[in-house]
Each structure stands twice: as C-alpha cells, then as structure tokens.
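Colleague: So here's target01.txt (compact mmCIF, N, CA and C atoms).
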# COMPACT_ATOMS: atom_id res chain seq x y z
N MET A 1 0.96 -3.70 -10.69
CA MET A 1 0.63 -2.35 -10.34
C MET A 1 1.82 -1.74 -9.60
N PHE A 2 1.91 -0.44 -9.62
CA PHE A 2 2.97 0.28 -8.92
C PHE A 2 2.51 0.60 -7.50
N VAL A 3 3.38 0.37 -6.52
CA VAL A 3 3.12 0.76 -5.13
C VAL A 3 4.25 1.67 -4.68
N GLY A 4 3.88 2.84 -4.17
CA GLY A 4 4.85 3.77 -3.60
C GLY A 4 4.46 4.08 -2.17
N ILE A 5 5.42 3.99 -1.25
CA ILE A 5 5.17 4.30 0.15
C ILE A 5 6.17 5.38 0.55
N TYR A 6 5.65 6.50 1.06
CA TYR A 6 6.47 7.67 1.31
C TYR A 6 6.23 8.23 2.71
N SER A 7 7.30 8.72 3.32
CA SER A 7 7.20 9.52 4.54
C SER A 7 7.60 10.94 4.16
N PRO A 8 7.43 11.90 5.05
CA PRO A 8 7.84 13.27 4.70
C PRO A 8 9.34 13.38 4.39
N ASN A 9 10.14 12.46 4.93
CA ASN A 9 11.59 12.57 4.79
C ASN A 9 12.22 11.67 3.75
N LYS A 10 11.49 10.63 3.30
CA LYS A 10 12.15 9.69 2.39
C LYS A 10 11.15 8.81 1.65
N VAL A 11 11.67 8.15 0.64
CA VAL A 11 10.92 7.10 -0.06
C VAL A 11 11.17 5.81 0.70
N ILE A 12 10.10 5.19 1.20
CA ILE A 12 10.23 3.95 1.96
C ILE A 12 10.25 2.76 1.03
N TYR A 13 9.40 2.79 -0.01
CA TYR A 13 9.34 1.67 -0.95
C TYR A 13 8.73 2.16 -2.25
N GLU A 14 9.26 1.69 -3.37
CA GLU A 14 8.66 1.87 -4.69
C GLU A 14 8.91 0.59 -5.47
N GLY A 15 7.86 0.04 -6.07
CA GLY A 15 8.04 -1.16 -6.85
C GLY A 15 6.74 -1.67 -7.45
N GLU A 16 6.87 -2.71 -8.25
CA GLU A 16 5.73 -3.34 -8.92
C GLU A 16 5.31 -4.60 -8.17
N THR A 17 4.01 -4.86 -8.15
CA THR A 17 3.46 -6.05 -7.51
C THR A 17 2.11 -6.38 -8.14
N ASN A 18 1.61 -7.57 -7.88
CA ASN A 18 0.26 -7.95 -8.30
C ASN A 18 -0.72 -7.85 -7.16
N SER A 19 -0.21 -7.73 -5.91
CA SER A 19 -1.07 -7.76 -4.74
C SER A 19 -0.38 -7.09 -3.56
N ALA A 20 -1.14 -6.28 -2.83
CA ALA A 20 -0.62 -5.66 -1.60
C ALA A 20 -1.76 -5.55 -0.60
N THR A 21 -1.44 -5.83 0.67
CA THR A 21 -2.44 -5.79 1.74
C THR A 21 -2.07 -4.68 2.71
N PHE A 22 -3.08 -3.90 3.09
CA PHE A 22 -2.88 -2.71 3.91
C PHE A 22 -3.78 -2.76 5.14
N PRO A 23 -3.30 -2.19 6.29
CA PRO A 23 -4.11 -2.16 7.51
C PRO A 23 -5.03 -0.94 7.53
N ALA A 24 -6.14 -1.01 6.81
CA ALA A 24 -7.09 0.10 6.77
C ALA A 24 -7.79 0.23 8.12
N VAL A 25 -8.32 1.40 8.40
CA VAL A 25 -9.02 1.64 9.65
C VAL A 25 -10.19 0.67 9.80
N GLU A 26 -10.87 0.33 8.70
CA GLU A 26 -12.04 -0.55 8.73
C GLU A 26 -11.65 -2.03 8.77
N GLY A 27 -10.38 -2.34 8.64
CA GLY A 27 -9.89 -3.72 8.58
C GLY A 27 -8.91 -3.85 7.43
N GLN A 28 -8.29 -5.00 7.32
CA GLN A 28 -7.30 -5.20 6.25
C GLN A 28 -7.97 -5.15 4.88
N ILE A 29 -7.25 -4.54 3.93
CA ILE A 29 -7.74 -4.46 2.56
C ILE A 29 -6.62 -4.92 1.63
N THR A 30 -6.96 -5.78 0.68
CA THR A 30 -6.00 -6.23 -0.32
C THR A 30 -6.35 -5.57 -1.64
N ILE A 31 -5.35 -4.97 -2.26
CA ILE A 31 -5.53 -4.31 -3.55
C ILE A 31 -4.80 -5.12 -4.60
N LEU A 32 -5.54 -5.44 -5.67
CA LEU A 32 -5.00 -6.19 -6.80
C LEU A 32 -4.92 -5.28 -8.01
N ASN A 33 -4.35 -5.78 -9.10
CA ASN A 33 -4.34 -5.03 -10.35
C ASN A 33 -5.75 -4.61 -10.73
N ASN A 34 -5.88 -3.44 -11.32
CA ASN A 34 -7.16 -2.91 -11.83
C ASN A 34 -8.19 -2.66 -10.73
N HIS A 35 -7.75 -2.39 -9.52
CA HIS A 35 -8.66 -2.06 -8.41
C HIS A 35 -9.36 -0.74 -8.71
N ALA A 36 -10.59 -0.61 -8.24
CA ALA A 36 -11.34 0.64 -8.39
C ALA A 36 -10.64 1.76 -7.61
N PRO A 37 -10.86 3.01 -8.02
CA PRO A 37 -10.28 4.13 -7.28
C PRO A 37 -10.71 4.11 -5.81
N LEU A 38 -9.77 4.49 -4.93
CA LEU A 38 -10.02 4.39 -3.49
C LEU A 38 -9.10 5.34 -2.74
N ILE A 39 -9.65 5.98 -1.71
CA ILE A 39 -8.85 6.72 -0.73
C ILE A 39 -9.31 6.24 0.63
N THR A 40 -8.35 5.87 1.51
CA THR A 40 -8.71 5.40 2.84
C THR A 40 -7.60 5.72 3.83
N TYR A 41 -7.99 5.81 5.09
CA TYR A 41 -7.01 5.97 6.17
C TYR A 41 -6.46 4.61 6.56
N LEU A 42 -5.20 4.60 6.96
CA LEU A 42 -4.55 3.38 7.44
C LEU A 42 -4.26 3.52 8.93
N ARG A 43 -4.34 2.39 9.63
CA ARG A 43 -4.03 2.35 11.06
C ARG A 43 -2.64 1.74 11.25
N LYS A 44 -2.20 1.68 12.49
CA LYS A 44 -0.92 1.06 12.80
C LYS A 44 -0.99 -0.42 12.42
N GLY A 45 0.06 -0.91 11.76
CA GLY A 45 0.10 -2.31 11.36
C GLY A 45 1.15 -2.55 10.29
N LYS A 46 0.99 -3.66 9.56
CA LYS A 46 1.95 -4.05 8.53
C LYS A 46 1.34 -3.95 7.15
N ILE A 47 2.11 -3.38 6.24
CA ILE A 47 1.80 -3.46 4.81
C ILE A 47 2.52 -4.69 4.29
N MET A 48 1.80 -5.54 3.56
CA MET A 48 2.37 -6.77 3.00
C MET A 48 2.33 -6.65 1.47
N ILE A 49 3.49 -6.58 0.85
CA ILE A 49 3.59 -6.46 -0.60
C ILE A 49 4.09 -7.78 -1.16
N LYS A 50 3.29 -8.39 -2.04
CA LYS A 50 3.66 -9.69 -2.62
C LYS A 50 4.74 -9.49 -3.67
N LEU A 51 5.82 -10.24 -3.50
CA LEU A 51 6.94 -10.23 -4.44
C LEU A 51 7.05 -11.61 -5.08
N ASP A 52 7.88 -11.75 -6.09
CA ASP A 52 8.07 -13.05 -6.74
C ASP A 52 8.60 -14.10 -5.78
N TYR A 53 9.35 -13.69 -4.77
CA TYR A 53 10.02 -14.62 -3.87
C TYR A 53 9.46 -14.59 -2.45
N GLY A 54 8.32 -13.98 -2.23
CA GLY A 54 7.73 -13.91 -0.89
C GLY A 54 7.00 -12.60 -0.70
N TYR A 55 7.14 -12.03 0.49
CA TYR A 55 6.47 -10.78 0.82
C TYR A 55 7.46 -9.78 1.40
N LYS A 56 7.23 -8.52 1.11
CA LYS A 56 7.94 -7.41 1.75
C LYS A 56 7.00 -6.87 2.80
N GLU A 57 7.44 -6.84 4.07
CA GLU A 57 6.64 -6.32 5.17
C GLU A 57 7.16 -4.95 5.57
N ILE A 58 6.25 -4.01 5.72
CA ILE A 58 6.62 -2.66 6.14
C ILE A 58 5.70 -2.25 7.29
N GLU A 59 6.29 -1.99 8.44
CA GLU A 59 5.52 -1.54 9.62
C GLU A 59 5.21 -0.05 9.48
N ILE A 60 3.95 0.31 9.76
CA ILE A 60 3.57 1.72 9.72
C ILE A 60 2.82 2.08 11.00
N GLU A 61 2.78 3.36 11.30
CA GLU A 61 2.04 3.87 12.45
C GLU A 61 0.68 4.42 12.04
N GLY A 62 0.41 4.45 10.75
CA GLY A 62 -0.83 5.00 10.21
C GLY A 62 -0.51 5.78 8.96
N GLY A 63 -1.54 6.20 8.23
CA GLY A 63 -1.30 6.96 7.02
C GLY A 63 -2.54 7.08 6.16
N ILE A 64 -2.32 7.48 4.91
CA ILE A 64 -3.39 7.63 3.93
C ILE A 64 -2.99 6.87 2.67
N LEU A 65 -3.94 6.11 2.13
CA LEU A 65 -3.72 5.34 0.90
C LEU A 65 -4.56 5.93 -0.21
N HIS A 66 -3.97 6.05 -1.40
CA HIS A 66 -4.70 6.48 -2.59
C HIS A 66 -4.44 5.49 -3.71
N CYS A 67 -5.50 4.88 -4.23
CA CYS A 67 -5.44 4.02 -5.41
C CYS A 67 -6.14 4.78 -6.52
N ASN A 68 -5.44 5.04 -7.62
CA ASN A 68 -6.00 5.89 -8.67
C ASN A 68 -6.86 5.14 -9.68
N GLY A 69 -7.01 3.83 -9.55
CA GLY A 69 -7.81 3.07 -10.50
C GLY A 69 -7.07 2.74 -11.79
N GLU A 70 -5.81 3.12 -11.87
CA GLU A 70 -5.00 2.86 -13.06
C GLU A 70 -3.70 2.15 -12.67
N ASN A 71 -3.83 1.19 -11.75
CA ASN A 71 -2.70 0.37 -11.30
C ASN A 71 -1.59 1.17 -10.64
N GLU A 72 -1.99 2.17 -9.85
CA GLU A 72 -1.01 2.93 -9.08
C GLU A 72 -1.57 3.17 -7.68
N VAL A 73 -0.80 2.76 -6.68
CA VAL A 73 -1.18 2.94 -5.27
C VAL A 73 -0.08 3.74 -4.60
N LYS A 74 -0.47 4.82 -3.93
CA LYS A 74 0.50 5.63 -3.19
C LYS A 74 0.03 5.74 -1.75
N VAL A 75 0.99 5.62 -0.83
CA VAL A 75 0.71 5.67 0.60
C VAL A 75 1.61 6.74 1.22
N ILE A 76 1.01 7.60 2.02
CA ILE A 76 1.75 8.60 2.79
C ILE A 76 1.68 8.17 4.25
N VAL A 77 2.84 8.00 4.89
CA VAL A 77 2.87 7.57 6.29
C VAL A 77 3.61 8.59 7.14
Starting from the coordinates I provided, produce the structure as structure tokens.
Modeller:
Amino acid sequence: MFVGIYSPNKVIYEGETNSATFPAVEGQITILNNHAPLITYLRKGKIMIKLDYGYKEIEIEGGILHCNGENEVKVIV
C-alpha cells in the first residue's frame, strides 16, 4: 500500500509498505493492505512503517490519518 505523510511545508515521507502503525488517539492502530476505509485523529508519538530491511520511524506531534480503502494512506501532520 502507499503511505504519504505531509506537513504544510513539505513531504515528510512517501513510499510503499505492507504494514504501518500509527499513534491514534484511541491507541495504536496498524494498517495492512486492503484495510477498510478510515479517518482518525493521531496523537503525539511515532509512526512505524515496515520496510524490507526494518522500520522507518517518524515522530509526530499529532495529525489526521485517511485510509481510502484502496491501499492508500495519507497523513497530515
């Protein structure tokens, strides 16, 4: 699935992954391929994106996550 993480000033991350974990307000949420559509608020914490060689960690102060149900996740921080 595609994951894009954006701030008002720049693209923080864009790439493909099979799994990404986000610090949702209700607790951590892991999104896999073919996840159902979802919009949620994110709290301060780490986004963990699974890569072939490990994980990419991105610290955020909060934001909004949108999963379109078609293997695309976009985050505004």
Colleague: Please tell me which residues are no farther than 12 Å from (0.3, 5.7, 6.6) in the file, counting only C-alpha atoms, and write them as an MDAnalysis selection string.
Modeller: chainID A and resid 4:8 12 22:25 39:47 58:66 74:77
Colleague: Report, in Å with one decimal, the straight-line distance from atom C of A:Ile31 to atom N of A:Val11.
Modeller: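 Atom-to-atom, atom C of A:Ile31 and atom N of A:Val11 are spaced 21.8 Å apart.
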Colleague: Neighbouring residues of A:Lys56 were defined as those with any atom within 10 Å, considering only C-alpha atoms; residues of the same chain fewer than 6 positions away were excluded. Please report them as a PyMOL selection string.
Modeller: chain A and resi 13+20+46-50
Colleague: Do a neighbour search on A:Glu70 at 8 Å with only N, CA and C atoms, toss out local chain neighbours closer than 6 positions, and write the hits as a PyMOL selection string.
Modeller: chain A and resi 1-2+33-37
Colleague: Can you pull out every residue from chain A that DSSP, working from the backbone, puts in strand (DSSP E or B), and format the result as a count of residues only?
Modeller: 52
Colleague: Interatomic distance between atom CA of A:Lys10 and atom CA of A:Cys67?
Modeller: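 Straight-line distance from atom CA of A:Lys10 to atom CA of A:Cys67 works out to 20.1 Å.
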Colleague: Ranking A:Val3, A:Leu38, A:Gly27, A:Ser19 by minimum distance to A:Asn68 and counting only N, CA and C atoms, which one comes first?
Modeller: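 Result for the nearest residue to A:Asn68: A:Leu38.
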Colleague: Mind giving me the straight-line distance from atom N of A:Asn9 to atom N of A:Asn71 in Å, one decimal?
Modeller: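 Interatomic distance, atom N of A:Asn9 to atom N of A:Asn71: 24.5 Å.
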Colleague: Could you work out an axis-aligned bounding box for all listed atoms of stretch 1-13 of chain A, with 3 Å added on each of the six sides, and give its centre and edge lengths in Å to one decimal, as JSON?
Modeller:
{"center_x": 6.4, "center_y": 4.8, "center_z": -2.8, "size_x": 17.6, "size_y": 23.1, "size_z": 21.7}
